[in-house]
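What follows is the content of upload-v1.cif, which has mmCIF, C-alpha atoms:
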```cif
data_work
#
loop_
_atom_site.group_PDB
_atom_site.id
_atom_site.type_symbol
_atom_site.label_atom_id
_atom_site.label_comp_id
_atom_site.auth_asym_id
_atom_site.auth_seq_id
_atom_site.Cartn_x
_atom_site.Cartn_y
_atom_site.Cartn_z
ATOM 1 C CA MET A 1 -224.665 76.915 -4.210
ATOM 2 C CA ARG A 2 -221.336 78.260 -3.086
ATOM 3 C CA THR A 3 -220.510 81.732 -4.255
ATOM 4 C CA PRO A 4 -217.053 82.635 -5.534
ATOM 5 C CA ARG A 5 -216.543 84.557 -2.318
ATOM 6 C CA THR A 6 -217.364 81.456 -0.249
ATOM 7 C CA LEU A 7 -215.010 79.319 -2.311
ATOM 8 C CA LEU A 8 -212.217 81.855 -1.935
ATOM 9 C CA ILE A 9 -212.677 81.972 1.821
ATOM 10 C CA SER A 10 -212.681 78.160 2.000
ATOM 11 C CA ALA A 11 -209.478 77.982 -0.023
ATOM 12 C CA LEU A 12 -207.810 80.566 2.184
ATOM 13 C CA VAL A 13 -208.842 78.626 5.282
ATOM 14 C CA VAL A 14 -207.328 75.415 3.833
ATOM 15 C CA ILE A 15 -204.097 77.236 3.012
ATOM 16 C CA VAL A 16 -203.889 78.776 6.461
ATOM 17 C CA LEU A 17 -204.528 75.429 8.145
ATOM 18 C CA THR A 18 -201.955 73.716 5.911
ATOM 19 C CA VAL A 19 -199.277 76.339 6.580
ATOM 20 C CA ALA A 20 -200.056 76.232 10.286
ATOM 21 C CA SER A 21 -199.695 72.466 10.333
ATOM 22 C CA VAL A 22 -196.359 72.415 8.437
ATOM 23 C CA PRO A 23 -194.161 72.757 11.554
ATOM 24 C CA LEU A 24 -196.039 69.896 13.212
ATOM 25 C CA LEU A 25 -195.747 67.719 10.093
ATOM 26 C CA ASN A 26 -192.032 68.495 9.816
ATOM 27 C CA LEU A 27 -191.534 67.529 13.455
ATOM 28 C CA ALA A 28 -193.590 64.341 13.171
ATOM 29 C CA PHE A 29 -193.046 63.012 9.659
ATOM 30 C CA TYR A 30 -190.344 64.856 7.711
ATOM 31 C CA THR A 31 -187.552 64.181 10.182
ATOM 32 C CA PRO A 32 -183.934 63.086 9.672
ATOM 33 C CA ALA A 33 -184.713 59.743 11.374
ATOM 34 C CA ARG A 34 -187.657 59.103 9.016
ATOM 35 C CA THR A 35 -185.358 59.751 6.052
ATOM 36 C CA VAL A 36 -182.872 57.151 7.307
ATOM 37 C CA GLU A 37 -185.668 54.617 7.895
ATOM 38 C CA ALA A 38 -186.993 55.211 4.375
ATOM 39 C CA TYR A 39 -183.464 54.667 3.010
ATOM 40 C CA MET A 40 -183.151 51.407 4.932
ATOM 41 C CA ARG A 41 -186.525 50.166 3.644
ATOM 42 C CA ALA A 42 -185.305 50.749 0.104
ATOM 43 C CA ILE A 43 -182.103 48.802 0.820
ATOM 44 C CA GLU A 44 -184.051 45.915 2.392
ATOM 45 C CA GLN A 45 -186.269 45.771 -0.694
ATOM 46 C CA GLY A 46 -183.283 45.836 -3.069
ATOM 47 C CA ASN A 47 -184.473 49.130 -4.563
ATOM 48 C CA ALA A 48 -181.120 50.730 -5.341
ATOM 49 C CA GLU A 49 -182.433 53.753 -7.239
ATOM 50 C CA ARG A 50 -184.856 54.684 -4.458
ATOM 51 C CA ALA A 51 -182.111 54.262 -1.860
ATOM 52 C CA PHE A 52 -179.881 56.598 -3.875
ATOM 53 C CA SER A 53 -182.569 59.320 -3.713
ATOM 54 C CA TYR A 54 -181.947 59.581 0.055
ATOM 55 C CA LEU A 55 -178.207 60.210 -0.348
ATOM 56 C CA SER A 56 -176.451 63.521 -0.871
ATOM 57 C CA SER A 57 -173.699 61.850 -2.917
ATOM 58 C CA PRO A 58 -173.297 62.515 -6.649
ATOM 59 C CA THR A 59 -173.965 59.653 -9.043
ATOM 60 C CA PRO A 60 -170.956 57.269 -8.977
ATOM 61 C CA GLU A 61 -168.953 56.559 -12.127
ATOM 62 C CA SER A 62 -169.778 52.867 -11.832
ATOM 63 C CA THR A 63 -173.459 52.019 -12.250
ATOM 64 C CA LEU A 64 -173.097 48.913 -10.091
ATOM 65 C CA ALA A 65 -174.146 50.799 -6.959
ATOM 66 C CA LEU A 66 -177.441 51.799 -8.573
ATOM 67 C CA ASN A 67 -178.207 48.373 -10.025
ATOM 68 C CA GLY A 68 -181.199 46.953 -8.173
ATOM 69 C CA ASP A 69 -180.507 43.455 -9.504
ATOM 70 C CA VAL A 70 -177.059 43.496 -7.891
ATOM 71 C CA LEU A 71 -178.462 44.691 -4.578
ATOM 72 C CA SER A 72 -181.343 42.182 -4.658
ATOM 73 C CA ALA A 73 -178.858 39.358 -5.266
ATOM 74 C CA ALA A 74 -176.886 40.200 -2.112
ATOM 75 C CA PRO A 75 -176.408 37.186 0.172
ATOM 76 C CA ASP A 76 -177.565 39.316 3.112
ATOM 77 C CA LEU A 77 -179.420 42.615 3.409
ATOM 78 C CA PRO A 78 -180.207 44.556 6.615
ATOM 79 C CA ARG A 79 -183.363 44.024 8.654
ATOM 80 C CA GLU A 80 -184.964 45.358 11.821
ATOM 81 C CA ALA A 81 -183.697 48.864 11.142
ATOM 82 C CA SER A 82 -184.499 51.678 13.558
ATOM 83 C CA ALA A 83 -183.309 55.270 13.565
ATOM 84 C CA GLU A 84 -183.287 58.015 16.185
ATOM 85 C CA THR A 85 -182.501 61.687 15.650
ATOM 86 C CA ILE A 86 -179.782 62.558 18.156
ATOM 87 C CA SER A 87 -179.367 66.234 17.365
ATOM 88 C CA THR A 88 -180.376 68.904 14.877
ATOM 89 C CA ASP A 89 -178.367 72.052 14.262
ATOM 90 C CA GLY A 90 -179.764 74.214 11.478
ATOM 91 C CA ASP A 91 -179.249 72.422 8.176
ATOM 92 C CA ARG A 92 -177.432 69.427 9.695
ATOM 93 C CA ALA A 93 -178.578 66.589 11.897
ATOM 94 C CA MET A 94 -177.152 63.472 13.528
ATOM 95 C CA VAL A 95 -179.061 60.179 13.458
ATOM 96 C CA LYS A 96 -178.216 56.930 15.222
ATOM 97 C CA LEU A 97 -179.061 53.924 13.025
ATOM 98 C CA SER A 98 -179.344 50.369 14.339
ATOM 99 C CA TYR A 99 -179.930 47.285 12.202
ATOM 100 C CA VAL A 100 -179.184 43.578 11.892
ATOM 101 C CA LEU A 101 -176.839 42.271 9.186
ATOM 102 C CA SER A 102 -175.457 38.726 8.982
ATOM 103 C CA SER A 103 -177.164 37.926 12.296
ATOM 104 C CA GLN A 104 -175.239 40.717 14.073
ATOM 105 C CA THR A 105 -176.750 43.884 15.487
ATOM 106 C CA ARG A 106 -174.855 46.921 14.309
ATOM 107 C CA SER A 107 -175.133 50.677 14.809
ATOM 108 C CA VAL A 108 -173.704 53.708 13.090
ATOM 109 C CA ASP A 109 -174.049 57.469 13.487
ATOM 110 C CA LEU A 110 -175.092 59.190 10.267
ATOM 111 C CA THR A 111 -174.858 62.857 9.346
ATOM 112 C CA LEU A 112 -177.784 64.273 7.398
ATOM 113 C CA VAL A 113 -178.015 67.541 5.485
ATOM 114 C CA LYS A 114 -181.169 69.521 4.776
ATOM 115 C CA LEU A 115 -182.202 69.933 1.129
ATOM 116 C CA PRO A 116 -184.504 72.601 -0.355
ATOM 117 C CA ALA A 117 -188.006 72.126 1.057
ATOM 118 C CA ALA A 118 -190.567 70.177 -0.947
ATOM 119 C CA ALA A 119 -193.232 72.549 -2.302
ATOM 120 C CA GLY A 120 -191.403 75.211 -0.351
ATOM 121 C CA LEU A 121 -192.894 73.844 2.886
ATOM 122 C CA PHE A 122 -191.910 70.334 3.889
ATOM 123 C CA ASP A 123 -188.438 69.445 5.161
ATOM 124 C CA ARG A 124 -186.231 67.180 3.059
ATOM 125 C CA TRP A 125 -183.144 65.472 4.435
ATOM 126 C CA ALA A 126 -180.404 63.406 2.806
ATOM 127 C CA ILE A 127 -177.717 61.124 4.248
ATOM 128 C CA GLU A 128 -174.323 62.749 3.795
ATOM 129 C CA GLN A 129 -171.604 60.709 2.084
ATOM 130 C CA GLU A 130 -168.296 62.437 1.553
ATOM 131 C CA ALA A 131 -167.109 59.326 -0.288
ATOM 132 C CA TRP A 132 -168.922 56.298 -1.649
ATOM 133 C CA PRO A 133 -168.539 53.030 0.248
ATOM 134 C CA THR A 134 -166.504 50.715 -1.943
ATOM 135 C CA LEU A 135 -165.273 47.207 -2.551
ATOM 136 C CA ASP A 136 -161.519 47.228 -3.177
ATOM 137 C CA LEU A 137 -160.997 44.180 -5.395
ATOM 138 C CA ASP A 138 -157.469 42.790 -5.689
ATOM 139 C CA VAL A 139 -157.837 39.985 -8.204
ATOM 140 C CA SER A 140 -154.528 38.405 -9.156
ATOM 141 C CA GLY A 141 -154.454 37.158 -12.731
ATOM 142 C CA SER A 142 -157.754 38.711 -13.812
ATOM 143 C CA SER A 143 -158.889 42.208 -14.786
ATOM 144 C CA THR A 144 -162.504 41.424 -13.920
ATOM 145 C CA ALA A 145 -164.470 39.947 -11.053
ATOM 146 C CA THR A 146 -168.094 39.291 -10.172
ATOM 147 C CA VAL A 147 -170.108 41.027 -7.456
ATOM 148 C CA ASN A 148 -173.269 39.135 -6.543
ATOM 149 C CA GLY A 149 -172.909 37.353 -9.895
ATOM 150 C CA PHE A 150 -172.493 40.518 -12.014
ATOM 151 C CA SER A 151 -169.268 41.230 -13.879
ATOM 152 C CA VAL A 152 -167.216 44.292 -12.855
ATOM 153 C CA SER A 153 -163.724 45.618 -13.500
ATOM 154 C CA ALA A 154 -161.284 44.783 -10.726
ATOM 155 C CA GLY A 155 -160.185 47.693 -8.547
ATOM 156 C CA THR A 156 -162.371 50.115 -6.622
ATOM 157 C CA VAL A 157 -166.102 49.496 -7.022
ATOM 158 C CA PRO A 158 -168.721 51.845 -5.453
ATOM 159 C CA VAL A 159 -171.608 50.095 -3.681
ATOM 160 C CA LEU A 160 -174.524 50.893 -1.371
ATOM 161 C CA PHE A 161 -174.464 50.328 2.369
ATOM 162 C CA PRO A 162 -175.305 48.388 4.475
ATOM 163 C CA ALA A 163 -175.154 45.074 2.640
ATOM 164 C CA THR A 164 -173.137 41.905 2.233
ATOM 165 C CA TYR A 165 -171.589 41.324 -1.190
ATOM 166 C CA LEU A 166 -170.336 38.067 -2.712
ATOM 167 C CA VAL A 167 -167.145 38.609 -4.701
ATOM 168 C CA GLY A 168 -165.384 36.108 -6.935
ATOM 169 C CA PHE A 169 -164.353 35.406 -10.491
ATOM 170 C CA ASP A 170 -164.776 32.525 -12.882
ATOM 171 C CA ALA A 171 -162.890 33.058 -16.122
ATOM 172 C CA THR A 172 -161.809 30.665 -18.853
ATOM 173 C CA TYR A 173 -158.356 30.065 -17.418
ATOM 174 C CA LEU A 174 -158.643 31.108 -13.777
ATOM 175 C CA THR A 175 -161.269 30.765 -11.100
ATOM 176 C CA SER A 176 -161.555 31.576 -7.428
ATOM 177 C CA LYS A 177 -163.584 30.765 -4.386
ATOM 178 C CA SER A 178 -166.153 33.483 -3.675
ATOM 179 C CA GLU A 179 -165.526 35.753 -0.681
ATOM 180 C CA ARG A 180 -168.110 37.635 1.389
ATOM 181 C CA ALA A 181 -167.543 41.336 1.987
ATOM 182 C CA GLU A 182 -169.607 43.596 4.243
ATOM 183 C CA VAL A 183 -170.047 47.333 3.777
ATOM 184 C CA THR A 184 -171.693 48.823 6.850
ATOM 185 C CA ALA A 185 -171.381 52.624 6.718
ATOM 186 C CA PRO A 186 -170.775 55.591 4.381
ATOM 187 C CA GLY A 187 -167.155 55.767 3.279
ATOM 188 C CA ASP A 188 -166.454 52.136 4.232
ATOM 189 C CA THR A 189 -163.928 50.208 2.126
ATOM 190 C CA ALA A 190 -164.055 46.414 2.152
ATOM 191 C CA GLN A 191 -160.781 44.859 1.017
ATOM 192 C CA VAL A 192 -161.177 41.656 -0.978
ATOM 193 C CA SER A 193 -158.175 39.674 -2.242
ATOM 194 C CA LEU A 194 -158.777 36.727 -4.532
ATOM 195 C CA SER A 195 -156.097 34.188 -5.453
ATOM 196 C CA PRO A 196 -156.344 32.424 -8.792
ATOM 197 C CA GLN A 197 -156.681 28.700 -9.239
ATOM 198 C CA PRO A 198 -156.032 27.196 -12.675
ATOM 199 C CA THR A 199 -158.901 25.647 -14.590
ATOM 200 C CA ALA A 200 -158.663 22.476 -16.663
ATOM 201 C CA LYS A 201 -158.777 24.707 -19.755
ATOM 202 C CA LEU A 202 -155.660 26.546 -18.587
ATOM 203 C CA GLU A 203 -153.772 23.304 -17.962
ATOM 204 C CA GLU A 204 -154.695 22.122 -21.468
ATOM 205 C CA SER A 205 -153.441 25.382 -22.984
ATOM 206 C CA VAL A 206 -150.181 25.260 -21.013
ATOM 207 C CA ALA A 207 -149.580 21.596 -21.895
ATOM 208 C CA GLN A 208 -150.039 22.425 -25.579
ATOM 209 C CA GLN A 209 -147.629 25.361 -25.368
ATOM 210 C CA VAL A 210 -144.991 23.242 -23.621
ATOM 211 C CA SER A 211 -145.385 20.529 -26.263
ATOM 212 C CA ASP A 212 -145.115 23.081 -29.102
ATOM 213 C CA TYR A 213 -142.092 24.708 -27.444
ATOM 214 C CA LEU A 214 -140.174 21.428 -27.168
ATOM 215 C CA ALA A 215 -141.221 20.415 -30.694
ATOM 216 C CA GLY A 216 -139.729 23.672 -31.967
ATOM 217 C CA CYS A 217 -136.504 23.123 -30.030
ATOM 218 C CA VAL A 218 -135.843 19.631 -31.419
ATOM 219 C CA LYS A 219 -136.019 20.988 -34.976
ATOM 220 C CA ALA A 220 -132.639 22.612 -34.350
ATOM 221 C CA THR A 221 -129.515 21.067 -35.917
ATOM 222 C CA THR A 222 -127.014 22.623 -33.502
ATOM 223 C CA LEU A 223 -125.679 21.556 -30.106
ATOM 224 C CA MET A 224 -127.292 24.555 -28.362
ATOM 225 C CA PRO A 225 -130.766 25.214 -29.791
ATOM 226 C CA THR A 226 -131.475 28.953 -29.587
ATOM 227 C CA GLY A 227 -133.917 29.959 -26.853
ATOM 228 C CA CYS A 228 -134.216 26.415 -25.528
ATOM 229 C CA VAL A 229 -133.674 25.051 -22.031
ATOM 230 C CA PHE A 230 -131.385 22.197 -23.093
ATOM 231 C CA GLY A 231 -128.205 21.701 -25.068
ATOM 232 C CA TYR A 232 -125.186 19.413 -25.423
ATOM 233 C CA GLU A 233 -121.664 20.409 -24.434
ATOM 234 C CA THR A 234 -118.581 18.597 -25.765
ATOM 235 C CA ASP A 235 -114.903 19.246 -26.533
ATOM 236 C CA ASN A 236 -115.037 16.929 -29.522
ATOM 237 C CA GLU A 237 -115.533 18.135 -33.080
ATOM 238 C CA ILE A 238 -119.064 17.655 -34.349
ATOM 239 C CA LEU A 239 -119.198 16.571 -37.963
ATOM 240 C CA GLY A 240 -122.151 18.130 -39.746
ATOM 241 C CA ASP A 241 -125.548 18.714 -38.194
ATOM 242 C CA VAL A 242 -127.030 16.935 -35.221
ATOM 243 C CA LYS A 243 -130.540 15.586 -34.847
ATOM 244 C CA TRP A 244 -132.686 16.106 -31.776
ATOM 245 C CA SER A 245 -135.780 14.183 -30.738
ATOM 246 C CA ILE A 246 -138.062 14.043 -27.697
ATOM 247 C CA VAL A 247 -137.839 10.916 -25.583
ATOM 248 C CA ARG A 248 -140.062 12.012 -22.704
ATOM 249 C CA GLU A 249 -142.172 15.134 -22.429
ATOM 250 C CA PRO A 250 -142.589 16.651 -18.937
ATOM 251 C CA LYS A 251 -145.865 15.967 -17.174
ATOM 252 C CA VAL A 252 -147.541 19.361 -17.023
ATOM 253 C CA SER A 253 -149.315 20.528 -13.885
ATOM 254 C CA LEU A 254 -149.674 23.938 -12.305
ATOM 255 C CA THR A 255 -149.015 25.286 -8.834
ATOM 256 C CA ALA A 256 -150.572 28.513 -7.568
ATOM 257 C CA SER A 257 -148.429 30.509 -5.163
ATOM 258 C CA GLY A 258 -150.109 33.732 -4.060
ATOM 259 C CA GLY A 259 -150.736 35.625 -7.267
ATOM 260 C CA ASP A 260 -148.210 33.597 -9.295
ATOM 261 C CA LEU A 261 -148.653 30.442 -11.339
ATOM 262 C CA GLU A 262 -145.733 28.065 -11.811
ATOM 263 C CA LEU A 263 -145.162 24.893 -13.748
ATOM 264 C CA THR A 264 -144.687 22.070 -11.263
ATOM 265 C CA PRO A 265 -141.092 20.839 -11.853
ATOM 266 C CA ALA A 266 -141.100 17.712 -14.035
ATOM 267 C CA THR A 267 -138.429 15.599 -15.722
ATOM 268 C CA ALA A 268 -137.999 15.761 -19.501
ATOM 269 C CA GLU A 269 -135.709 13.730 -21.770
ATOM 270 C CA VAL A 270 -134.341 14.491 -25.229
ATOM 271 C CA ARG A 271 -132.062 12.533 -27.560
ATOM 272 C CA ILE A 272 -129.182 13.900 -29.644
ATOM 273 C CA GLN A 273 -127.717 12.011 -32.609
ATOM 274 C CA GLY A 274 -124.913 12.825 -34.995
ATOM 275 C CA ARG A 275 -121.234 12.175 -35.781
ATOM 276 C CA TYR A 276 -118.138 13.516 -34.055
ATOM 277 C CA ARG A 277 -114.317 13.368 -34.231
ATOM 278 C CA ASP A 278 -112.410 12.724 -31.005
ATOM 279 C CA ILE A 279 -110.031 15.622 -30.391
ATOM 280 C CA VAL A 280 -107.376 13.303 -28.935
ATOM 281 C CA THR A 281 -107.361 10.322 -31.282
ATOM 282 C CA ALA A 282 -108.975 11.996 -34.331
ATOM 283 C CA SER A 283 -111.176 8.900 -34.609
ATOM 284 C CA GLU A 284 -114.772 9.348 -35.744
ATOM 285 C CA TYR A 285 -117.716 8.016 -33.795
ATOM 286 C CA ASP A 286 -121.487 8.080 -33.794
ATOM 287 C CA LEU A 287 -123.047 10.420 -31.256
ATOM 288 C CA ASP A 288 -126.179 9.043 -29.586
ATOM 289 C CA GLU A 289 -126.999 10.361 -26.115
ATOM 290 C CA THR A 290 -130.129 10.843 -24.038
ATOM 291 C CA LEU A 291 -130.190 13.967 -21.911
ATOM 292 C CA SER A 292 -132.360 14.423 -18.814
ATOM 293 C CA PHE A 293 -133.302 17.738 -17.188
ATOM 294 C CA VAL A 294 -135.959 19.213 -14.928
ATOM 295 C CA PHE A 295 -138.401 21.418 -16.803
ATOM 296 C CA GLY A 296 -140.124 24.331 -15.050
ATOM 297 C CA GLY A 297 -141.291 27.855 -15.706
ATOM 298 C CA SER A 298 -143.841 30.562 -15.084
ATOM 299 C CA VAL A 299 -147.334 30.912 -16.513
ATOM 300 C CA VAL A 300 -148.663 34.410 -17.176
ATOM 301 C CA VAL A 301 -152.389 34.933 -17.739
ATOM 302 C CA ARG A 302 -153.561 38.278 -19.078
ATOM 303 C CA SER A 303 -157.270 38.428 -19.905
ATOM 304 C CA SER A 304 -157.721 35.781 -22.620
ATOM 305 C CA GLN A 305 -153.990 35.355 -23.280
ATOM 306 C CA VAL A 306 -151.769 32.650 -21.785
ATOM 307 C CA ARG A 307 -147.977 32.763 -22.000
ATOM 308 C CA VAL A 308 -145.566 30.098 -20.766
ATOM 309 C CA GLU A 309 -142.035 31.212 -19.818
ATOM 310 C CA PRO A 310 -139.980 27.981 -19.686
ATOM 311 C CA ARG A 311 -136.804 27.497 -17.690
ATOM 312 C CA ARG A 312 -134.528 24.639 -16.792
ATOM 313 C CA LEU A 313 -134.161 23.748 -13.130
ATOM 314 C CA GLY A 314 -130.688 22.346 -12.450
ATOM 315 C CA GLU A 315 -128.120 20.846 -14.818
ATOM 316 C CA VAL A 316 -128.607 18.576 -17.822
ATOM 317 C CA SER A 317 -127.484 15.019 -17.116
ATOM 318 C CA ILE A 318 -126.486 12.365 -19.652
ATOM 319 C CA MET A 319 -128.199 9.019 -19.261
#
```
Show me, as structure tokens, the structure contained in the file I just sent.
Amino acid sequence: MRTPRTLLISALVVIVLTVASVPLLNLAFYTPARTVEAYMRAIEQGNAERAFSYLSSPTPESTLALNGDVLSAAPDLPREASAETISTDGDRAMVKLSYVLSSQTRSVDLTLVKLPAAAGLFDRWAIEQEAWPTLDLDVSGSSTATVNGFSVSAGTVPVLFPATYLVGFDATYLTSKSERAEVTAPGDTAQVSLSPQPTAKLEESVAQQVSDYLAGCVKATTLMPTGCVFGYETDNEILGDVKWSIVREPKVSLTASGGDLELTPATAEVRIQGRYRDIVTASEYDLDETLSFVFGGSVVVRSSQVRVEPRRLGEVSIM
């Protein structure tokens, strides 16, 4: 049986051997390059939280960067990563990282900083990020977008590198083609601009608003309906009220121009009826005219709200 003295000596021997081997272990296993390779393995596996543990950056305000589901859904993640420690100077080191992303071999120099030693013995390194890599999302007509299928607020979105992200949006009234964006290094910003295209639901909403707008205008009993894009001008004296009616509603379709949506110009026709006195002869006559004009306007989409701003293009003609 081992005596307490023997056990104590054995323990001391183990401690001495462990301490003596620490420099060798730090040189062989706990190196800046090994840290970068471990980070890249986490990225390849879509393990966002583990990847974050190898970064010196504080937790970002947006949780998207730490969402493993978002990272796993990336259309392309890095592979064949290799890292080499270029230099070490005290608590800082430089590592050259090479990897393949989207079938292209890429390389980047990374700065690493030393953290407090694990168990007071083993070196710990972290990749330095002075700023998070981001997607800068410019989404005209929408306050939200999707990144790898997950909804985010438009603007600046922190993400992990290196990875390819699929950005788009598909809302009730507007949709866009998805765009690929690559973030390849710390501090990278990938600019993504998405232009809206109207959905069938938006065209239905606009058509209804145009119809309601014209229906409201023809309820007027004056020559110049307030807030309307048509009216009737005459030097003759109108006797009493006039009656308006719609002869032909404009065919509603939408045109996207950059970040703006416009009503495609279309012809509309209205009818005015009433009674008037000729200012020259003082004779009274029935008034019955059909007026034609080109209807246009802007369409503003804000979140779930649609607003049509009508305008007349050109002069009203009498048919």
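Between A:Ser205 and the residues A:Thr175, A:Lys114, A:Asn236, A:Val252, the shortest atom-to-atom distance, using only C-alpha atoms, involves A:Val252.
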| Which is closer to A:Glu284 than all the others in A:Ala268, A:Gly297, A:Glu237, A:Leu160, using only C-alpha atoms? |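 Ranking A:Ala268, A:Gly297, A:Glu237, A:Leu160 by distance to A:Glu284, first place goes to A:Glu237.
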| task | Please evaluate the PyMOL selection byres ((chain A and resi 93) around 12) against the displayed coordinates and give the resulting residues as a VMD selection string. | result | chain A and resid 31 to 33 35 to 36 84 to 92 94 to 96 109 to 115 124 to 128
For the file shown, what are the residues hit by the PyMOL selection byres ((chain A and resi 60-68) around 9), laid out as a CSV table (one decimal) with C-alpha atoms, in the coordinates of the input?
```
chain,number,residue,atom,x,y,z
A,46,GLY,CA,-183.3,45.8,-3.1
A,47,ASN,CA,-184.5,49.1,-4.6
A,48,ALA,CA,-181.1,50.7,-5.3
A,49,GLU,CA,-182.4,53.8,-7.2
A,50,ARG,CA,-184.9,54.7,-4.5
A,51,ALA,CA,-182.1,54.3,-1.9
A,52,PHE,CA,-179.9,56.6,-3.9
A,57,SER,CA,-173.7,61.8,-2.9
A,58,PRO,CA,-173.3,62.5,-6.6
A,59,THR,CA,-174.0,59.7,-9.0
A,69,ASP,CA,-180.5,43.5,-9.5
A,70,VAL,CA,-177.1,43.5,-7.9
A,71,LEU,CA,-178.5,44.7,-4.6
A,72,SER,CA,-181.3,42.2,-4.7
A,73,ALA,CA,-178.9,39.4,-5.3
A,132,TRP,CA,-168.9,56.3,-1.6
A,147,VAL,CA,-170.1,41.0,-7.5
A,150,PHE,CA,-172.5,40.5,-12.0
A,152,VAL,CA,-167.2,44.3,-12.9
A,157,VAL,CA,-166.1,49.5,-7.0
A,158,PRO,CA,-168.7,51.8,-5.5
A,159,VAL,CA,-171.6,50.1,-3.7
A,160,LEU,CA,-174.5,50.9,-1.4
```
| field | Contact residues around A:Thr189 with all atoms listed in the file at 6 Å, ignoring same-chain residues under 2 positions, as a PyMOL selection string | value | chain A and resi 133-135
Since the input lacks some atoms of stretch 233-246 of chain A, please model N, CA, C and O atoms and print them as a compact mmCIF listing (two decimals), in the coordinates of the input.
```txt
# COMPACT_ATOMS: atom_id res chain seq x y z
N GLU A 233 -123.00 19.84 -24.46
CA GLU A 233 -121.66 20.41 -24.43
C GLU A 233 -120.63 19.30 -24.65
O GLU A 233 -120.73 18.22 -24.04
N THR A 234 -119.64 19.58 -25.51
CA THR A 234 -118.58 18.60 -25.76
C THR A 234 -117.33 19.32 -26.26
O THR A 234 -117.43 20.39 -26.86
N ASP A 235 -116.16 18.71 -26.01
CA ASP A 235 -114.90 19.25 -26.53
C ASP A 235 -114.56 18.63 -27.88
O ASP A 235 -113.63 19.07 -28.57
N ASN A 236 -115.30 17.59 -28.26
CA ASN A 236 -115.04 16.93 -29.52
C ASN A 236 -115.59 17.74 -30.69
O ASN A 236 -116.45 18.61 -30.51
N GLU A 237 -115.08 17.43 -31.88
CA GLU A 237 -115.53 18.14 -33.08
C GLU A 237 -116.77 17.44 -33.65
O GLU A 237 -116.74 16.25 -33.93
N ILE A 238 -117.84 18.21 -33.79
CA ILE A 238 -119.06 17.66 -34.35
C ILE A 238 -118.98 17.74 -35.87
O ILE A 238 -118.67 18.80 -36.43
N LEU A 239 -119.27 16.64 -36.51
CA LEU A 239 -119.20 16.57 -37.96
C LEU A 239 -120.60 16.74 -38.54
O LEU A 239 -121.45 15.86 -38.41
N GLY A 240 -120.84 17.88 -39.15
CA GLY A 240 -122.15 18.13 -39.75
C GLY A 240 -123.19 18.52 -38.69
O GLY A 240 -122.88 18.93 -37.58
N ASP A 241 -124.44 18.36 -39.07
CA ASP A 241 -125.55 18.71 -38.19
C ASP A 241 -125.85 17.58 -37.23
O ASP A 241 -125.47 16.43 -37.45
N VAL A 242 -126.54 17.95 -36.16
CA VAL A 242 -127.03 16.93 -35.22
C VAL A 242 -128.55 16.86 -35.34
O VAL A 242 -129.21 17.76 -35.89
N LYS A 243 -129.09 15.77 -34.82
CA LYS A 243 -130.54 15.59 -34.85
C LYS A 243 -131.05 15.41 -33.42
O LYS A 243 -130.53 14.61 -32.65
N TRP A 244 -132.07 16.21 -33.09
CA TRP A 244 -132.69 16.11 -31.78
C TRP A 244 -134.05 15.42 -31.89
O TRP A 244 -134.73 15.53 -32.91
N SER A 245 -134.43 14.76 -30.81
CA SER A 245 -135.78 14.18 -30.74
C SER A 245 -136.22 14.13 -29.27
O SER A 245 -135.39 14.16 -28.36
N ILE A 246 -137.52 14.08 -29.07
CA ILE A 246 -138.06 14.04 -27.70
C ILE A 246 -138.24 12.59 -27.28
O ILE A 246 -138.88 11.80 -27.98
```
